[in-house]
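The file upload.pdb contains PDB, C-alpha atoms and all ligand atoms:
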```
ATOM      1  CA  MET A   1       0.000   0.000   0.000
ATOM      2  CA  LEU A   2       1.526   3.303  -1.011
ATOM      3  CA  VAL A   3      -0.988   5.683   0.508
ATOM      4  CA  GLU A   4      -3.868   5.010   2.814
ATOM      5  CA  CYS A   5      -6.469   7.301   4.398
ATOM      6  CA  ARG A   6      -8.274   5.812   7.370
ATOM      7  CA  ASP A   7     -11.541   7.297   8.630
ATOM      8  CA  VAL A   8     -10.537  10.779   7.508
ATOM      9  CA  ILE A   9     -12.893  13.562   8.580
ATOM     10  CA  VAL A  10     -12.391  17.243   7.768
ATOM     11  CA  TYR A  11     -14.563  20.040   9.134
ATOM     12  CA  PHE A  12     -14.436  23.620   7.909
ATOM     13  CA  GLY A  13     -16.153  25.622  10.627
ATOM     14  CA  GLY A  14     -19.163  23.465  11.470
ATOM     15  CA  LEU A  15     -19.450  21.964   7.996
ATOM     16  CA  PRO A  16     -17.964  18.577   7.069
ATOM     17  CA  ALA A  17     -16.003  18.507   3.783
ATOM     18  CA  LEU A  18     -14.862  14.869   4.198
ATOM     19  CA  LYS A  19     -16.845  12.321   6.178
ATOM     20  CA  ASP A  20     -15.080   9.113   7.170
ATOM     21  CA  VAL A  21     -13.124   8.677   3.947
ATOM     22  CA  ASN A  22     -11.203   5.403   3.569
ATOM     23  CA  ILE A  23      -8.956   5.058   0.554
ATOM     24  CA  ALA A  24      -6.030   2.719   0.005
ATOM     25  CA  VAL A  25      -3.951   3.060  -3.146
ATOM     26  CA  ASN A  26      -1.558   0.317  -4.250
ATOM     27  CA  GLU A  27       1.944   0.967  -5.520
ATOM     28  CA  GLY A  28       1.850   1.538  -9.293
ATOM     29  CA  GLU A  29      -1.900   2.097  -9.340
ATOM     30  CA  ILE A  30      -3.652   4.910 -11.182
ATOM     31  CA  ARG A  31      -6.638   5.740  -8.986
ATOM     32  CA  ALA A  32      -9.128   8.272 -10.248
ATOM     33  CA  ILE A  33     -11.296  10.344  -7.941
ATOM     34  CA  ILE A  34     -14.437  11.738  -9.483
ATOM     35  CA  GLY A  35     -17.343  13.708  -8.067
ATOM     36  CA  PRO A  36     -19.205  16.994  -8.393
ATOM     37  CA  ASN A  37     -17.760  20.385  -7.482
ATOM     38  CA  GLY A  38     -17.525  20.819  -3.736
ATOM     39  CA  ALA A  39     -17.400  17.047  -3.128
ATOM     40  CA  GLY A  40     -14.117  17.329  -1.197
ATOM     41  CA  LYS A  41     -11.665  16.111  -3.855
ATOM     42  CA  THR A  42      -9.135  18.927  -3.498
ATOM     43  CA  THR A  43      -9.572  18.804   0.281
ATOM     44  CA  LEU A  44      -8.567  15.125   0.196
ATOM     45  CA  PHE A  45      -5.375  16.058  -1.680
ATOM     46  CA  ASN A  46      -4.703  18.805   0.872
ATOM     47  CA  VAL A  47      -5.021  16.244   3.671
ATOM     48  CA  ILE A  48      -2.688  13.775   1.959
ATOM     49  CA  ASN A  49       0.062  16.319   1.323
ATOM     50  CA  GLY A  50      -0.212  17.997   4.700
ATOM     51  CA  VAL A  51      -1.727  21.357   3.712
ATOM     52  CA  ILE A  52      -4.780  20.557   5.854
ATOM     53  CA  LYS A  53      -4.685  18.585   9.089
ATOM     54  CA  PRO A  54      -7.717  16.270   9.269
ATOM     55  CA  SER A  55     -10.176  16.841  12.128
ATOM     56  CA  SER A  56      -9.789  13.102  12.754
ATOM     57  CA  GLY A  57      -8.485  10.004  11.000
ATOM     58  CA  ARG A  58      -4.989   9.064   9.831
ATOM     59  CA  VAL A  59      -2.937   9.230   6.655
ATOM     60  CA  PHE A  60      -0.248   6.595   5.998
ATOM     61  CA  LEU A  61       2.477   6.751   3.387
ATOM     62  CA  LEU A  62       4.254   3.436   2.782
ATOM     63  CA  GLY A  63       3.008   2.287   6.157
ATOM     64  CA  THR A  64       4.294   5.348   8.038
ATOM     65  CA  ASP A  65       1.789   7.563   9.821
ATOM     66  CA  VAL A  66       2.249  11.046   8.307
ATOM     67  CA  THR A  67      -0.913  12.633   9.763
ATOM     68  CA  GLY A  68      -0.311  16.258  10.696
ATOM     69  CA  LYS A  69       3.209  16.440   9.273
ATOM     70  CA  PRO A  70       3.911  19.721   7.433
ATOM     71  CA  PRO A  71       3.820  19.758   3.590
ATOM     72  CA  HIS A  72       7.609  20.064   3.155
ATOM     73  CA  GLU A  73       8.207  16.950   5.265
ATOM     74  CA  ILE A  74       5.589  14.991   3.351
ATOM     75  CA  ALA A  75       7.097  16.172   0.053
ATOM     76  CA  ARG A  76      10.433  14.779   1.196
ATOM     77  CA  LEU A  77       8.801  11.391   1.716
ATOM     78  CA  GLY A  78       7.916  11.364  -1.975
ATOM     79  CA  ILE A  79       4.568  13.050  -2.586
ATOM     80  CA  SER A  80       4.236  15.686  -5.266
ATOM     81  CA  ARG A  81       1.223  17.415  -6.806
ATOM     82  CA  THR A  82      -0.067  19.493  -9.671
ATOM     83  CA  LEU A  83      -2.668  22.194  -9.017
ATOM     84  CA  GLN A  84      -6.180  22.504 -10.447
ATOM     85  CA  ILE A  85      -5.087  25.830 -11.983
ATOM     86  CA  PRO A  86      -1.404  25.835 -13.025
ATOM     87  CA  ARG A  87       0.671  28.350 -11.078
ATOM     88  CA  LEU A  88       3.948  29.020 -12.805
ATOM     89  CA  PHE A  89       6.532  31.770 -12.533
ATOM     90  CA  LYS A  90       5.558  33.672 -15.690
ATOM     91  CA  GLU A  91       8.870  35.518 -15.977
ATOM     92  CA  LEU A  92      10.958  32.357 -15.624
ATOM     93  CA  THR A  93      11.606  29.996 -18.531
ATOM     94  CA  VAL A  94      10.102  26.539 -18.842
ATOM     95  CA  PHE A  95      13.406  24.981 -17.753
ATOM     96  CA  GLU A  96      13.695  27.297 -14.744
ATOM     97  CA  ASN A  97      10.121  26.561 -13.669
ATOM     98  CA  VAL A  98      10.839  22.824 -13.756
ATOM     99  CA  TYR A  99      14.160  23.379 -11.950
ATOM    100  CA  VAL A 100      12.235  24.945  -9.042
ATOM    101  CA  GLY A 101      10.691  21.502  -8.512
ATOM    102  CA  THR A 102      14.130  20.025  -7.738
ATOM    103  CA  LEU A 103      14.333  22.204  -4.622
ATOM    104  CA  TYR A 104      11.519  20.292  -2.910
ATOM    105  CA  GLY A 105      10.796  16.665  -2.354
ATOM    106  CA  ALA A 106      12.637  13.410  -1.950
ATOM    107  CA  LYS A 107      15.353  13.691  -4.576
ATOM    108  CA  SER A 108      16.210  16.062  -7.382
ATOM    109  CA  SER A 109      16.627  15.730 -11.120
ATOM    110  CA  THR A 110      19.853  16.762 -12.841
ATOM    111  CA  HIS A 111      19.991  19.208 -15.744
ATOM    112  CA  SER A 112      19.999  16.371 -18.279
ATOM    113  CA  GLU A 113      17.183  14.535 -16.482
ATOM    114  CA  ILE A 114      15.062  17.692 -16.709
ATOM    115  CA  MET A 115      15.813  17.962 -20.435
ATOM    116  CA  ASP A 116      14.892  14.273 -20.893
ATOM    117  CA  MET A 117      11.607  14.908 -19.103
ATOM    118  CA  LEU A 118      10.891  17.933 -21.310
ATOM    119  CA  LYS A 119      11.644  15.746 -24.348
ATOM    120  CA  ALA A 120       9.291  13.016 -23.146
ATOM    121  CA  LEU A 121       6.593  15.677 -22.763
ATOM    122  CA  ARG A 122       7.442  17.096 -26.203
ATOM    123  CA  LEU A 123       8.308  20.404 -24.594
ATOM    124  CA  GLU A 124      12.072  20.535 -25.201
ATOM    125  CA  GLU A 125      11.793  23.236 -27.853
ATOM    126  CA  LYS A 126      10.121  25.494 -25.278
ATOM    127  CA  ALA A 127      12.811  24.996 -22.623
ATOM    128  CA  GLY A 128      14.070  28.574 -23.007
ATOM    129  CA  VAL A 129      10.656  30.202 -23.437
ATOM    130  CA  LYS A 130       9.092  32.251 -20.618
ATOM    131  CA  ALA A 131       6.191  30.391 -19.005
ATOM    132  CA  GLY A 132       3.931  33.438 -19.401
ATOM    133  CA  LEU A 133       3.933  32.865 -23.169
ATOM    134  CA  LEU A 134       2.669  29.270 -23.066
ATOM    135  CA  ASN A 135      -0.795  27.947 -23.901
ATOM    136  CA  LEU A 136      -2.833  25.998 -21.332
ATOM    137  CA  GLN A 137      -1.656  22.523 -22.365
ATOM    138  CA  GLU A 138       1.976  23.638 -22.283
ATOM    139  CA  ARG A 139       1.487  25.208 -18.841
ATOM    140  CA  LYS A 140      -0.040  21.960 -17.591
ATOM    141  CA  LYS A 141       2.927  20.002 -18.953
ATOM    142  CA  VAL A 142       5.337  22.337 -17.166
ATOM    143  CA  GLU A 143       3.419  21.834 -13.903
ATOM    144  CA  LEU A 144       3.644  18.094 -14.430
ATOM    145  CA  ALA A 145       7.382  18.235 -15.160
ATOM    146  CA  ARG A 146       7.920  20.425 -12.095
ATOM    147  CA  ALA A 147       6.027  17.989  -9.899
ATOM    148  CA  LEU A 148       8.139  15.130 -11.273
ATOM    149  CA  ALA A 149      11.466  16.946 -10.858
ATOM    150  CA  SER A 150      11.588  15.806  -7.226
ATOM    151  CA  LYS A 151      11.203  12.158  -8.352
ATOM    152  CA  PRO A 152       8.095  11.445  -6.272
ATOM    153  CA  LYS A 153       6.633   8.030  -5.545
ATOM    154  CA  LEU A 154       3.106   9.383  -5.462
ATOM    155  CA  LEU A 155       1.807  12.047  -7.811
ATOM    156  CA  LEU A 156      -1.421  13.906  -7.003
ATOM    157  CA  ILE A 157      -2.984  15.359 -10.137
ATOM    158  CA  ASP A 158      -5.909  17.779  -9.800
ATOM    159  CA  GLU A 159      -8.160  18.067 -12.897
ATOM    160  CA  TYR A 160      -5.454  17.800 -15.517
ATOM    161  CA  MET A 161      -7.765  17.418 -18.526
ATOM    162  CA  SER A 162     -10.200  20.275 -17.970
ATOM    163  CA  GLY A 163      -9.891  23.009 -20.586
ATOM    164  CA  LEU A 164      -7.937  20.808 -23.015
ATOM    165  CA  THR A 165      -9.110  19.915 -26.542
ATOM    166  CA  PRO A 166      -9.951  16.265 -27.394
ATOM    167  CA  GLY A 167      -6.594  15.955 -29.209
ATOM    168  CA  GLU A 168      -4.727  17.343 -26.199
ATOM    169  CA  ILE A 169      -6.642  14.976 -23.905
ATOM    170  CA  SER A 170      -5.547  11.948 -26.001
ATOM    171  CA  GLU A 171      -1.946  13.121 -25.836
ATOM    172  CA  SER A 172      -2.224  13.661 -22.068
ATOM    173  CA  ILE A 173      -3.574  10.135 -21.573
ATOM    174  CA  LYS A 174      -0.548   8.754 -23.444
ATOM    175  CA  ILE A 175       1.774  10.905 -21.343
ATOM    176  CA  LEU A 176       0.308   9.767 -18.005
ATOM    177  CA  ARG A 177       0.409   6.124 -19.115
ATOM    178  CA  MET A 178       4.034   6.527 -20.196
ATOM    179  CA  LEU A 179       4.961   8.162 -16.872
ATOM    180  CA  ARG A 180       3.455   5.319 -14.888
ATOM    181  CA  GLU A 181       5.303   2.729 -16.984
ATOM    182  CA  LYS A 182       8.656   4.535 -17.177
ATOM    183  CA  LEU A 183       8.839   5.937 -13.653
ATOM    184  CA  GLY A 184       6.795   3.328 -11.793
ATOM    185  CA  LEU A 185       4.684   6.169 -10.414
ATOM    186  CA  THR A 186       1.565   5.786  -8.339
ATOM    187  CA  ILE A 187      -1.014   8.362  -9.393
ATOM    188  CA  LEU A 188      -4.003   9.717  -7.496
ATOM    189  CA  TRP A 189      -5.959  11.628 -10.070
ATOM    190  CA  VAL A 190      -8.940  13.958  -9.632
ATOM    191  CA  GLU A 191     -10.646  14.259 -12.994
ATOM    192  CA  HIS A 192     -13.902  15.456 -14.537
ATOM    193  CA  VAL A 193     -13.272  14.110 -18.027
ATOM    194  CA  ILE A 194     -14.860  10.688 -17.612
ATOM    195  CA  SER A 195     -13.713   9.303 -20.980
ATOM    196  CA  ALA A 196     -10.101   9.857 -19.912
ATOM    197  CA  VAL A 197     -10.759   8.237 -16.533
ATOM    198  CA  ALA A 198     -12.229   5.170 -18.248
ATOM    199  CA  GLN A 199      -9.166   4.790 -20.452
ATOM    200  CA  LEU A 200      -6.532   5.201 -17.790
ATOM    201  CA  ALA A 201      -7.695   4.525 -14.249
ATOM    202  CA  ASP A 202      -7.244   1.112 -12.610
ATOM    203  CA  ARG A 203      -9.913   1.922 -10.054
ATOM    204  CA  VAL A 204     -12.236   4.833  -9.426
ATOM    205  CA  THR A 205     -13.370   6.380  -6.168
ATOM    206  CA  VAL A 206     -16.494   8.523  -6.278
ATOM    207  CA  LEU A 207     -16.683  11.349  -3.744
ATOM    208  CA  ASN A 208     -20.028  13.001  -3.135
ATOM    209  CA  GLN A 209     -20.647  15.533  -0.372
ATOM    210  CA  GLY A 210     -17.654  14.169   1.505
ATOM    211  CA  HIS A 211     -18.802  10.524   1.239
ATOM    212  CA  TYR A 212     -16.908   8.044  -0.896
ATOM    213  CA  ARG A 213     -17.646   4.914  -2.857
ATOM    214  CA  LEU A 214     -15.336   2.619  -4.800
ATOM    215  CA  ALA A 215     -16.794   2.121  -8.261
ATOM    216  CA  ARG A 216     -16.196  -0.481 -10.931
ATOM    217  CA  VAL A 217     -15.326   1.078 -14.267
ATOM    218  CA  ARG A 218     -16.930  -0.170 -17.430
ATOM    219  CA  LEU A 219     -14.013   0.321 -19.759
ATOM    220  CA  SER A 220     -15.123   1.681 -23.062
ATOM    221  CA  PRO A 221     -12.924   4.005 -25.109
ATOM    222  CA  SER A 222     -15.963   5.550 -26.761
ATOM    223  CA  LEU A 223     -17.600   6.815 -23.578
ATOM    224  CA  ASP A 224     -19.560  10.001 -23.852
ATOM    225  CA  GLN A 225     -17.646  12.280 -21.512
ATOM    226  CA  THR A 226     -20.721  14.338 -20.748
ATOM    227  CA  ALA A 227     -22.689  11.326 -19.451
ATOM    228  CA  PRO A 228     -23.404  11.482 -15.720
ATOM    229  CA  ALA A 229     -21.135   9.294 -13.639
ATOM    230  CA  ARG A 230     -24.025   7.126 -12.405
ATOM    231  CA  GLN A 231     -24.448   5.745 -15.930
ATOM    232  CA  LEU A 232     -20.793   4.802 -16.187
ATOM    233  CA  PHE A 233     -20.165   3.153 -12.857
ATOM    234  CA  SER A 234     -21.865   0.249 -11.229
ATOM    235  CA  LYS A 235     -22.308   0.292  -7.470
ATOM    236  CA  ARG A 236     -20.508  -2.266  -5.377
TER     237      ARG A 236
HETATM  238  N1  LIG B   1      -9.990  26.228   3.103
HETATM  239  C1  LIG B   1     -11.312  26.058   3.157
HETATM  240  N2  LIG B   1     -12.067  26.707   4.089
HETATM  241  C2  LIG B   1     -13.404  26.537   4.178
HETATM  242  N3  LIG B   1     -14.106  25.714   3.371
HETATM  243  C3  LIG B   1     -13.425  25.052   2.431
HETATM  244  C4  LIG B   1     -11.996  25.180   2.260
HETATM  245  N4  LIG B   1     -11.598  24.386   1.239
HETATM  246  C5  LIG B   1     -12.710  23.792   0.785
HETATM  247  N5  LIG B   1     -13.814  24.179   1.482
HETATM  248  C6  LIG B   1     -15.187  23.675   1.295
HETATM  249  O1  LIG B   1     -15.120  22.261   1.383
HETATM  250  C7  LIG B   1     -15.953  21.659   0.404
HETATM  251  C8  LIG B   1     -15.118  20.775  -0.510
HETATM  252  O2  LIG B   1     -14.297  21.590  -1.330
HETATM  253  P1  LIG B   1     -13.215  21.009  -2.345
HETATM  254  O3  LIG B   1     -12.394  20.005  -1.638
HETATM  255  O4  LIG B   1     -12.501  22.157  -2.966
HETATM  256  O5  LIG B   1     -14.153  20.299  -3.417
HETATM  257  P2  LIG B   1     -13.819  19.752  -4.887
HETATM  258  O6  LIG B   1     -12.347  19.828  -5.118
HETATM  259  O7  LIG B   1     -14.356  18.362  -4.897
HETATM  260  O8  LIG B   1     -14.580  20.638  -5.835
HETATM  261  C9  LIG B   1     -16.665  22.804  -0.311
HETATM  262  O9  LIG B   1     -17.904  23.004   0.304
HETATM  263  C10 LIG B   1     -15.734  23.968  -0.084
HETATM  264  O10 LIG B   1     -16.444  25.181  -0.123
HETATM  265 MG    MG B   2     -11.188  20.756  -6.634
END
```

Write-out of the structure in structure tokens:
Amino acid sequence: MLVECRDVIVYFGGLPALKDVNIAVNEGEIRAIIGPNGAGKTTLFNVINGVIKPSSGRVFLLGTDVTGKPPHEIARLGISRTLQIPRLFKELTVFENVYVGTLYGAKSSTHSEIMDMLKALRLEEKAGVKAGLLNLQERKKVELARALASKPKLLLIDEYMSGLTPGEISESIKILRMLREKLGLTILWVEHVISAVAQLADRVTVLNQGHYRLARVRLSPSLDQTAPARQLFSKR
């Protein structure tokens, strides 16, 4: 088990954002988390990487209890994340933005490892370009490369596909699959684009109003991504 949340509860003021969430993700797994806006998906990420301390419950990383540890300590144990909305240093180049990622986390990539990563993401020609000049897909790739520059074991990805074109989504699916295979990454992946989830996720957890359910995916590459989740997943 790479990461496990046990009976996690988060209250904001008097309102629960997560209610008794139990999730266990195996090493090498791609686990998708789906659910409507406000379901608690980003809050769950914040609990796992230490930004929010749960009101109760525990978080384990590779069997070690990391509940309540600060984000920089958790990053050093090998957890990295991309944000729902990419936040890059606009005045720094693509390479420099990715380099920033080597300053955090478990390990750090060398100059040539960063260039290899940019090549794998088909971003090497933009290495010297300022991040402020990039389109959305390129900014998302830079965020991904930055998150990977610390060589994490677990990558938390928040809504990577939203805003991308169908062609960009297909390319992103290939990229995430390649990263899992090449780097042996475990990926916890919040996503609204259901067709992408169906193509890539090993298992799916549905969060709704802070409650969770493990769903069985009916794998079909031709899924209508606008179909409501209840049509795509069978209850356990
Ligand atoms: N820092 C915060 N303070 C207060 N309420 C918050 C905070 N973060 C999230 N919430 C609330 O918690 C609930 C879950 O939010 P969030 O985890 O962002 O949902 P999702 O990512 O699934 O859209 C929402 O009702 C949201 O308004
Ligand atoms: Mg969110």

- Looking at only C-alpha atoms, which of A:Leu155, A:Leu15, A:Val8, A:Val21 is the one that sits closest to Pro54 in chain A? A:Val8

- Find the residues near range 100-117 of chain A: any atom within 9 Å, counting all atoms listed in the file, skip ones fewer than 4 places away on the same chain, and give them as a list in words. His72, Glu73, Ile74, Ala75, Arg76, Leu77, Gly78, Ile79, Ser80, Phe95, Glu96, Leu121, Arg122, Leu123, Glu124, Ala127, Ala145, Arg146, Ala147, Leu148, Ala149, Ser150, Lys151, Pro152 and Lys153 of chain A

- Which residues form the shell of 12 Å around ligand LIG 1 (chain B) when you count all atoms listed in the file, given as a ChimeraX atom specification? /A:9-19,33-47,51-54,83-85,157-159,189-192,206-212

- Between A:Thr82, A:Asn97, A:Thr165, A:Gln137, which one has atoms that come closest to ligand MG 2 (chain B), using only C-alpha atoms and all ligand atoms? A:Thr82

- Option closest in space to Glu143 in chain A, from A:Arg87, A:Arg177, A:Lys126, A:Lys119 [counting only C-alpha atoms]: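 Closest candidate: A:Arg87.
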